[in-house]
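Note: the block below is work.txt and it holds compact mmCIF, C-alpha atoms.
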# COMPACT_ATOMS: atom_id res chain seq x y z
CA MET J 235 90.69 151.60 74.60
CA GLY J 236 93.62 152.45 76.84
CA LEU J 237 94.52 155.94 77.92
CA LEU J 238 97.79 155.81 75.99
CA ASP J 239 95.94 154.91 72.80
CA GLN J 240 94.37 158.32 72.71
CA GLU J 241 95.84 161.36 71.03
CA PHE J 242 95.51 164.66 72.82
CA THR J 243 95.01 167.83 70.83
CA GLU J 244 97.06 169.97 73.15
CA GLY J 245 99.71 169.29 75.75
CA ASN J 246 99.74 170.58 79.31
CA ILE J 247 101.92 170.02 82.32
CA VAL J 248 100.12 166.82 83.34
CA ILE J 249 100.46 165.24 79.92
CA ALA J 250 104.08 166.36 79.62
CA LYS J 251 104.97 164.76 82.94
CA THR J 252 103.01 161.58 82.13
CA GLU J 253 104.84 161.35 78.83
CA ASP J 254 108.19 161.76 80.54
CA LEU J 255 107.35 159.01 82.99
CA PHE J 256 106.11 156.52 80.39
CA ASN J 257 108.88 157.26 77.91
CA TRP J 258 111.46 156.81 80.65
CA ALA J 259 109.85 153.54 81.70
CA ARG J 260 109.74 152.30 78.11
CA LEU J 261 113.28 153.19 77.17
CA SER J 262 114.80 151.78 80.36
CA SER J 263 113.41 148.28 80.01
CA LEU J 264 113.50 147.36 76.34
CA TRP J 265 113.10 143.60 76.44
CA GLN J 266 114.16 141.99 73.22
CA VAL J 267 112.75 138.94 71.46
CA GLY J 268 115.23 136.10 71.94
CA PHE J 269 115.80 135.68 68.27
CA GLY J 270 118.84 135.55 65.97
CA LEU J 271 119.26 134.87 62.28
CA ALA J 272 122.88 134.68 61.11
CA CYS J 273 126.39 135.80 61.99
CA CYS J 274 125.03 139.11 63.35
CA ALA J 275 123.31 137.02 66.04
CA ILE J 276 126.76 135.98 67.32
CA GLU J 277 127.62 139.65 67.79
CA MET J 278 124.23 140.22 69.41
CA MET J 279 124.94 137.40 71.86
CA ALA J 280 128.35 138.92 72.57
CA THR J 281 126.59 142.22 73.29
CA SER J 282 124.28 140.46 75.74
CA ALA J 283 127.19 138.75 77.49
CA SER J 284 129.10 140.22 80.39
CA HIS J 285 131.79 142.01 78.41
CA TYR J 286 129.40 144.48 76.73
CA ASP J 287 126.51 143.88 79.10
CA PHE J 288 123.31 144.77 77.25
CA ASP J 289 121.50 144.32 80.56
CA ARG J 290 122.77 147.63 81.93
CA PHE J 291 120.44 149.32 79.42
CA GLY J 292 117.57 147.09 80.51
CA VAL J 293 117.75 144.82 77.46
CA ILE J 294 117.18 141.18 78.31
CA PRO J 295 116.16 138.44 75.86
CA ARG J 296 112.65 137.09 76.38
CA PRO J 297 111.48 133.70 75.12
CA SER J 298 108.17 135.04 73.80
CA PRO J 299 107.22 138.07 71.67
CA ARG J 300 104.28 138.58 74.05
CA GLN J 301 106.68 139.92 76.67
CA SER J 302 108.98 141.86 74.37
CA ASP J 303 109.31 145.50 73.36
CA VAL J 304 112.02 145.37 70.75
CA ILE J 305 112.98 142.89 68.04
CA ILE J 306 116.56 142.96 66.77
CA ILE J 307 116.68 141.60 63.23
CA SER J 308 120.21 140.23 63.42
CA GLY J 309 121.17 138.72 60.10
CA THR J 310 120.10 137.64 56.64
CA VAL J 311 116.36 137.73 56.12
CA THR J 312 115.42 135.03 53.65
CA PHE J 313 111.98 134.99 52.05
CA LYS J 314 111.05 131.96 54.16
CA MET J 315 112.09 133.77 57.34
CA ALA J 316 110.41 137.05 56.34
CA ILE J 317 106.96 135.48 56.83
CA ARG J 318 107.94 134.34 60.32
CA ILE J 319 109.48 137.70 61.19
CA LYS J 320 106.32 139.45 60.10
CA ARG J 321 104.23 137.18 62.33
CA LEU J 322 106.58 137.58 65.31
CA TYR J 323 106.41 141.34 64.92
CA GLU J 324 102.62 141.23 64.73
CA GLN J 325 102.48 139.16 67.91
CA MET J 326 104.45 141.67 69.98
CA PRO J 327 102.36 143.98 72.17
CA ASP J 328 102.29 147.72 71.42
CA PRO J 329 104.41 149.81 71.66
CA LYS J 330 107.00 147.82 69.71
CA TYR J 331 110.29 148.76 68.16
CA VAL J 332 112.58 147.24 65.54
CA ILE J 333 116.36 147.44 65.26
CA SER J 334 117.68 146.28 61.92
CA MET J 335 121.20 144.98 62.54
CA GLY J 336 123.76 144.52 59.80
CA SER J 337 123.84 145.03 56.05
CA CYS J 338 121.75 141.96 55.22
CA SER J 339 118.67 143.13 57.08
CA ASN J 340 119.29 146.77 56.14
CA CYS J 341 119.34 146.26 52.36
CA GLY J 342 120.17 142.66 51.48
CA GLY J 343 123.91 143.13 52.02
CA PRO J 344 126.12 140.82 49.93
CA TYR J 345 122.96 139.24 48.50
CA TRP J 346 121.63 142.49 47.10
CA GLU J 347 122.01 141.44 43.46
CA HIS J 348 122.23 137.67 43.09
CA GLY J 349 120.57 136.52 46.27
CA TYR J 350 117.48 134.87 44.78
CA HIS J 351 116.30 133.85 48.25
CA VAL J 352 117.03 136.99 50.31
CA LEU J 353 114.71 139.85 51.14
CA LYS J 354 116.34 143.14 50.12
CA GLY J 355 115.93 144.81 53.47
CA VAL J 356 113.67 143.86 56.36
CA ASP J 357 111.89 147.23 56.07
CA ARG J 358 109.95 145.71 53.18
CA VAL J 359 107.90 143.68 55.65
CA ILE J 360 108.06 145.53 59.00
CA PRO J 361 108.72 149.19 59.94
CA VAL J 362 112.28 149.72 61.18
CA ASP J 363 113.23 152.28 63.83
CA VAL J 364 117.02 152.08 63.81
CA TYR J 365 119.42 150.75 61.18
CA VAL J 366 122.82 149.55 62.43
CA PRO J 367 125.37 149.33 59.59
CA GLY J 368 128.16 146.75 59.50
CA CYS J 369 128.84 143.24 58.29
CA PRO J 370 128.48 142.21 61.03
CA PRO J 371 128.38 145.31 63.26
CA ARG J 372 130.62 145.24 66.31
CA PRO J 373 128.84 145.11 69.69
CA GLU J 374 129.68 148.79 70.19
CA ALA J 375 127.72 149.59 67.02
CA LEU J 376 124.69 147.68 68.30
CA LEU J 377 124.93 149.53 71.62
CA GLU J 378 125.01 152.81 69.70
CA GLY J 379 121.92 151.69 67.79
CA LEU J 380 120.16 150.95 71.05
CA LEU J 381 121.09 154.38 72.43
CA LYS J 382 119.63 155.95 69.27
CA LEU J 383 116.41 153.98 69.82
CA GLN J 384 116.29 155.16 73.44
CA GLU J 385 116.72 158.74 72.24
CA LYS J 386 113.84 158.22 69.83
CA ILE J 387 111.57 156.87 72.56
CA ARG J 388 112.54 159.69 74.91
CA ASN J 389 111.13 162.20 72.41
CA GLU J 390 107.88 160.33 71.73
CA SER J 391 104.66 162.22 72.37
CA ILE J 392 100.98 161.44 72.72
CA VAL J 393 100.10 164.98 71.63
CA LYS J 394 98.82 165.21 68.08
CA LYS J 395 101.28 167.05 65.88
CA SER J 396 99.83 170.21 64.32
CA ALA J 397 100.59 170.62 60.64
CA MET B 144 104.37 194.16 117.63
CA ILE B 145 101.57 192.97 115.40
CA LEU B 146 103.98 190.65 113.69
CA ARG B 147 105.11 189.22 117.01
CA ASN B 148 101.51 188.67 118.07
CA ASN B 149 100.83 186.91 114.82
CA LEU B 150 103.87 184.76 115.31
CA LYS B 151 102.75 183.87 118.83
CA LYS B 152 99.33 182.92 117.55
CA HIS B 153 100.92 180.88 114.83
CA ILE B 154 103.15 179.03 117.28
CA GLN B 155 100.20 178.38 119.54
CA PHE B 156 98.26 176.99 116.63
CA VAL B 157 101.11 174.73 115.63
CA LYS B 158 101.43 173.50 119.23
CA LEU B 159 97.72 172.76 119.39
CA PHE B 160 97.89 170.96 116.06
CA LEU B 161 100.85 168.87 117.20
CA THR B 162 99.17 167.84 120.45
CA LEU B 163 96.03 166.91 118.52
CA LEU B 164 98.05 164.91 116.03
CA ASN B 165 99.94 163.19 118.81
CA SER B 166 96.78 162.21 120.68
CA SER B 167 95.08 161.01 117.53
CA VAL B 168 98.10 158.92 116.54
CA ASN B 169 98.17 157.46 120.07
CA PHE B 170 94.47 156.75 119.82
CA GLN B 171 94.84 155.05 116.46
CA TYR B 172 97.78 153.04 117.69
CA GLN B 173 95.77 151.89 120.68
CA ILE B 174 92.87 150.90 118.43
CA LEU B 175 95.28 148.91 116.28
CA LYS B 176 96.72 147.33 119.40
CA ILE B 177 93.30 146.24 120.56
CA MET B 178 91.91 145.21 117.21
CA LEU B 179 94.86 143.39 115.69
CA THR B 180 95.94 140.09 117.06
CA GLU B 181 99.28 138.64 115.99
CA PHE B 182 97.58 136.63 113.30
CA GLY B 183 95.56 139.69 112.27
CA LYS B 184 98.78 141.21 110.96
CA VAL B 185 99.13 138.25 108.62
CA PHE B 186 95.58 138.88 107.45
CA VAL B 187 96.39 142.55 106.73
CA PHE B 188 99.49 141.39 104.87
CA ILE B 189 97.49 138.96 102.71
CA LEU B 190 94.84 141.61 102.08
CA THR B 191 97.46 144.13 100.98
CA ALA B 192 99.07 141.58 98.68
CA ALA B 193 95.74 140.74 97.05
CA LEU B 194 94.81 144.41 96.66
CA PHE B 195 98.21 145.20 95.19
CA VAL B 196 97.69 142.64 92.41
CA VAL B 197 94.15 143.78 91.63
CA VAL B 198 95.06 147.49 91.59
CA ALA B 199 98.16 146.92 89.45
CA ILE B 200 96.26 144.87 86.87
CA TYR B 201 93.36 147.32 86.76
CA VAL B 202 95.59 150.41 86.40
CA ALA B 203 97.57 148.69 83.64
CA ARG B 204 94.28 147.87 81.90
CA LEU B 205 93.26 151.54 82.04
CA LEU B 206 96.57 152.85 80.76
CA ARG B 207 98.06 150.40 78.30
CA PRO B 208 97.56 150.60 74.55
CA LYS B 209 95.10 147.95 73.38
CA ARG B 210 95.29 147.12 69.70
CA PRO B 211 94.26 143.50 69.24
CA THR B 212 94.71 141.99 65.79
CA PHE B 213 94.13 138.51 64.45
CA GLU B 214 97.86 137.71 64.40
CA LYS B 215 98.35 138.98 67.94
CA LEU B 216 95.54 136.82 69.29
CA THR B 217 96.67 133.59 67.61
CA THR B 218 98.69 130.99 69.49
CA TYR B 219 102.42 131.66 69.62
CA GLU B 220 104.38 128.84 68.01
CA CYS B 221 107.75 130.47 67.29
CA GLY B 222 106.32 132.32 64.29
CA GLU B 223 104.95 129.19 62.64
CA ASN B 224 101.33 128.55 61.81
CA PRO B 225 99.76 127.15 64.97
CA GLU B 226 98.83 123.53 64.38
CA GLY B 227 96.22 121.52 66.21
CA SER B 228 94.65 122.22 69.54
CA PRO B 229 96.84 123.50 72.39
CA TRP B 230 94.96 121.13 74.73
CA VAL B 231 97.31 118.23 74.10
CA LYS B 232 97.02 115.21 76.36
CA PHE B 233 100.29 114.44 78.13
CA ASN B 234 101.31 110.88 78.81
CA ILE B 235 100.28 109.98 82.36
CA ARG B 236 103.72 108.48 82.97
CA PHE B 237 105.17 112.00 83.12
CA TYR B 238 103.38 112.19 86.47
CA VAL B 239 105.63 109.54 88.00
CA VAL B 240 108.73 111.25 86.61
CA ALA B 241 107.58 114.59 88.04
CA LEU B 242 106.89 113.02 91.43
CA ILE B 243 110.32 111.37 91.58
CA PHE B 244 111.95 114.64 90.54
CA LEU B 245 110.10 116.49 93.29
CA ILE B 246 111.20 114.01 95.95
CA PHE B 247 114.87 114.31 95.02
CA ASP B 248 114.54 118.08 94.72
CA VAL B 249 113.32 118.19 98.32
CA GLU B 250 116.14 115.85 99.27
CA VAL B 251 118.70 118.35 97.98
CA VAL B 252 117.01 121.19 99.85
CA LEU B 253 117.13 119.22 103.10
CA LEU B 254 120.58 117.70 102.69
CA ILE B 255 122.57 120.84 101.88
CA PRO B 256 121.92 122.51 105.27
CA TRP B 257 122.46 119.11 106.92
CA ALA B 258 125.82 118.73 105.16
CA LEU B 259 126.89 122.12 106.55
CA VAL B 260 126.22 121.29 110.21
CA TYR B 261 126.43 117.50 110.59
CA LYS B 262 130.06 117.55 111.76
CA GLU B 263 129.11 119.73 114.71
CA MET B 264 126.14 117.50 115.58
CA GLY B 265 128.32 114.38 115.80
CA ILE B 266 126.94 110.86 115.58
CA VAL B 267 123.29 111.95 116.09
CA GLY B 268 123.39 114.24 113.07
CA TYR B 269 125.01 111.52 111.04
CA LEU B 270 122.32 109.01 112.02
CA ILE B 271 119.48 111.41 111.20
CA GLY B 272 120.90 112.00 107.72
CA ALA B 273 121.57 108.30 107.26
CA ILE B 274 117.98 107.32 108.15
CA PHE B 275 116.61 109.91 105.73
CA LEU B 276 118.90 108.69 102.94
CA ILE B 277 118.08 105.02 103.62
CA LEU B 278 114.34 105.79 103.42
CA LEU B 279 114.85 107.54 100.10
CA GLY B 280 117.09 104.71 98.91
CA VAL B 281 114.40 102.14 99.71
CA GLY B 282 111.90 104.23 97.74
CA MET B 283 114.34 104.46 94.86
CA ALA B 284 114.92 100.68 94.90
CA TYR B 285 111.16 100.10 94.93
CA GLU B 286 110.51 102.31 91.92
CA TRP B 287 113.47 100.76 90.10
CA LYS B 288 112.13 97.26 90.78
CA LYS B 289 108.66 98.31 89.67
CA GLY B 290 110.09 99.54 86.36
CA ASP B 291 109.08 103.20 86.66
CA LEU B 292 112.54 104.28 85.57
CA GLU B 293 112.18 102.42 82.26
CA TRP B 294 110.51 104.46 79.59
CA ALA B 295 109.64 101.48 77.40
CA ARG B 296 106.19 100.16 78.20
CA PRO B 297 106.14 96.79 80.01
CA LYS B 298 104.51 94.04 78.00
CA ILE B 299 100.86 93.54 78.80
CA LYS B 300 99.67 89.97 79.14
CA GLU B 301 96.71 89.88 76.80
CA PRO B 302 93.96 87.52 77.91
CA THR B 303 93.31 84.70 75.50
CA LEU B 304 89.95 84.08 73.91
CA GLU B 305 89.44 80.96 75.97
CA GLN B 306 89.99 82.80 79.24
CA ILE B 307 87.42 85.47 78.25
CA ASN B 308 84.92 82.83 77.23
CA SER B 309 85.44 80.88 80.41
CA THR B 310 84.88 83.99 82.58
CA GLU B 311 81.75 84.90 80.63
CA THR B 312 80.35 81.42 80.99
CA GLN B 313 81.12 81.59 84.70
CA LYS B 314 79.20 84.85 84.97
CA GLU B 315 76.25 83.40 83.12
CA ALA B 316 76.36 80.38 85.38
CA LEU B 317 76.31 82.68 88.40
CA LYS B 318 73.34 84.62 86.98
CA THR B 319 71.34 81.49 86.34
CA ALA B 320 72.20 80.18 89.82
CA SER B 321 70.90 83.36 91.46
Full structure transcribed into structure tokens:
Amino acid sequence: MGLLDQEFTEGNIVIAKTEDLFNWARLSSLWQVGFGLACCAIEMMATSASHYDFDRFGVIPRPSPRQSDVIIISGTVTFKMAIRIKRLYEQMPDPKYVISMGSCSNCGGPYWEHGYHVLKGVDRVIPVDVYVPGCPPRPEALLEGLLKLQEKIRNESIVKKSA
Amino acid sequence: MILRNNLKKHIQFVKLFLTLLNSSVNFQYQILKIMLTEFGKVFVFILTAALFVVVAIYVARLLRPKRPTFEKLTTYECGENPEGSPWVKFNIRFYVVALIFLIFDVEVVLLIPWALVYKEMGIVGYLIGAIFLILLGVGMAYEWKKGDLEWARPKIKEPTLEQINSTETQKEALKTAS
């Protein structure tokens, strides 16, 4: 069992500094799974390209979930794909994060009522950290979503929360 | 007065410490000079590199979260169910392709610097490049002639039944003779 798997009952200066270091390291190199589903993927690719430059936040697409920290669900999640997404998510190493991009993966989008083949939101199969609204969201919106995720990671703690 | 005395003592102490440090550093440097040959530095470099890898892997093992699950430990096949054994046998003919690729890869590495300077080297530089290219060209012609660039398998001449029988009878004849 790794040190970071443990939960400490109380924080001190050592744990606080360790947390800062690890959170900073995690949020500054969020490697994404090279993975796109529908038209949102085009926007995601545009975000990765030089104009919006996802790389300046440390986000680079990786060919394998084994090397990734974040999976961006960019597009319509069909039932067939949901099984694969679930497996990809399971195969990522901890800690792992999920950005749900666009209306389709947030709640089913235009398929919310008559889409017989579409999952009504990817959060029915995997836990989502950040939802990015839009159909499809502009690259700026995805960047904002990433910044929100970074903010979330920055405030993570290995100290057990007291009730 | 007392303060000044203290300060003097302090300065003296610092001076003593500095001289000690200096001599010890000199001593260590001399030891290094004696002990390390030129190639010894390479050894220290290799040792440091090896230690760096071991320490990094071990520290990561101590720190990182470890939550193995069945899904995480299965073979990655783009999210599909893994099918068959990952120990697939590759066709041996890929070996020839890889070898040819390697040769021409090296050719590029050698020819680009040559292309930059061959004008300055005059006829000698030109001849050196030409000999190298001719050698590679002969090799290329040989492999082309041999049919290694064709992917389709060359037809094998299957021995006829009569030929097999005749060889077997020959062998038997040899055995009986000996």
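One distance worth recording is that between CA of Gly309 (chain J) and CA of Met279 (chain J), which is 12.4 Å.
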Using only C-alpha atoms: which of B:Glu315, B:Glu286, B:Glu250, B:Glu220 has the shortest distance to chain J: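 Nearest candidate to chain J out of B:Glu315, B:Glu286, B:Glu250, B:Glu220: B:Glu220.
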Coordinates-based distance that separates CA of Phe291 (chain J) from CA of Ile387 (chain J) (Å, one decimal): 13.5 Å
Polymer residues at most 9 Å from Asp291 (chain B), only C-alpha atoms, same-chain spacing of 5 or more positions, as a PyMOL selection string: chain B and resi 236+239-240+286
Using only C-alpha atoms, find each residue in chain B having at least one atom no more than 10 Å away from chain J; report its shortest atom-to-atom pair and that distance in Å (one decimal), rows by chain then rising number, as a tab-separated table.
residue	atom	partner	partner_atom	distance
B:Val202	CA	J:Gly236	CA	10.0
B:Ala203	CA	J:Gly236	CA	8.7
B:Arg204	CA	J:Gly236	CA	6.9
B:Leu205	CA	J:Gly236	CA	5.3
B:Leu206	CA	J:Leu237	CA	4.7
B:Arg207	CA	J:Gly236	CA	5.1
B:Pro208	CA	J:Gly236	CA	4.9
B:Lys209	CA	J:Met235	CA	5.9
B:Arg210	CA	J:Asp328	CA	7.2
B:Pro211	CA	J:Pro327	CA	8.6
B:Thr212	CA	J:Glu324	CA	8.0
B:Phe213	CA	J:Glu324	CA	8.9
B:Glu214	CA	J:Glu324	CA	5.9
B:Lys215	CA	J:Gln325	CA	4.1
B:Leu216	CA	J:Gln325	CA	7.5
B:Thr217	CA	J:Gln325	CA	8.1
B:Thr218	CA	J:Gln325	CA	9.1
B:Tyr219	CA	J:Gln325	CA	7.7
B:Glu220	CA	J:Ser298	CA	9.3
B:Cys221	CA	J:Leu322	CA	7.5
B:Gly222	CA	J:Arg318	CA	4.7
B:Glu223	CA	J:Arg318	CA	6.4
B:Asn224	CA	J:Arg318	CA	8.9
Residue with smallest distance to Gly270 (chain J) - pool J:Gln301, J:Ala250, J:Ile306, J:Arg388, counting only C-alpha atoms: J:Ile306
Interatomic distance, CA of Ala275 (chain J) to CA of Gly355 (chain J) (Å, one decimal): 16.5 Å
Within 10 Å of region 370-383 of chain J using all atoms listed in the file, minus same-chain residues under 2 positions, as a ChimeraX atom specification: /J:261,264,272-282,285-288,291,293,304,306,308-309,331-338,363-368,385-388
Using only C-alpha atoms: which of B:Trp294, B:Ile243, B:Leu190, B:Lys262 has the shortest distance to Gly282 (chain B): B:Ile243
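When all atoms listed in the file are used to compute distances to Pro361 (chain J), the closest of the residues J:Ile392, J:Ile307, J:Val248, J:Leu255 turns out to be J:Ile307.
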Closest of J:Ser391, J:Arg296, J:Asp289, J:His348 to Gly245 (chain J) - atom-to-atom distances counting all atoms listed in the file: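 Of all the options, J:Ser391 lies closest to Gly245 (chain J).
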Given all atoms listed in the file as the counted atoms, nearest of J:Thr310, J:Gln266, J:Thr252, J:Asn246 to Ile294 (chain J):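 Result for the nearest residue to Ile294 (chain J): J:Gln266.
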Residues near Val352 (chain J), cut-off 9 Å, all atoms listed in the file, skip fewer than 4 positions along chain, as JSON, numbers by chain: {"J": [310, 311, 312, 313, 314, 316, 338, 342, 345, 346, 348]}
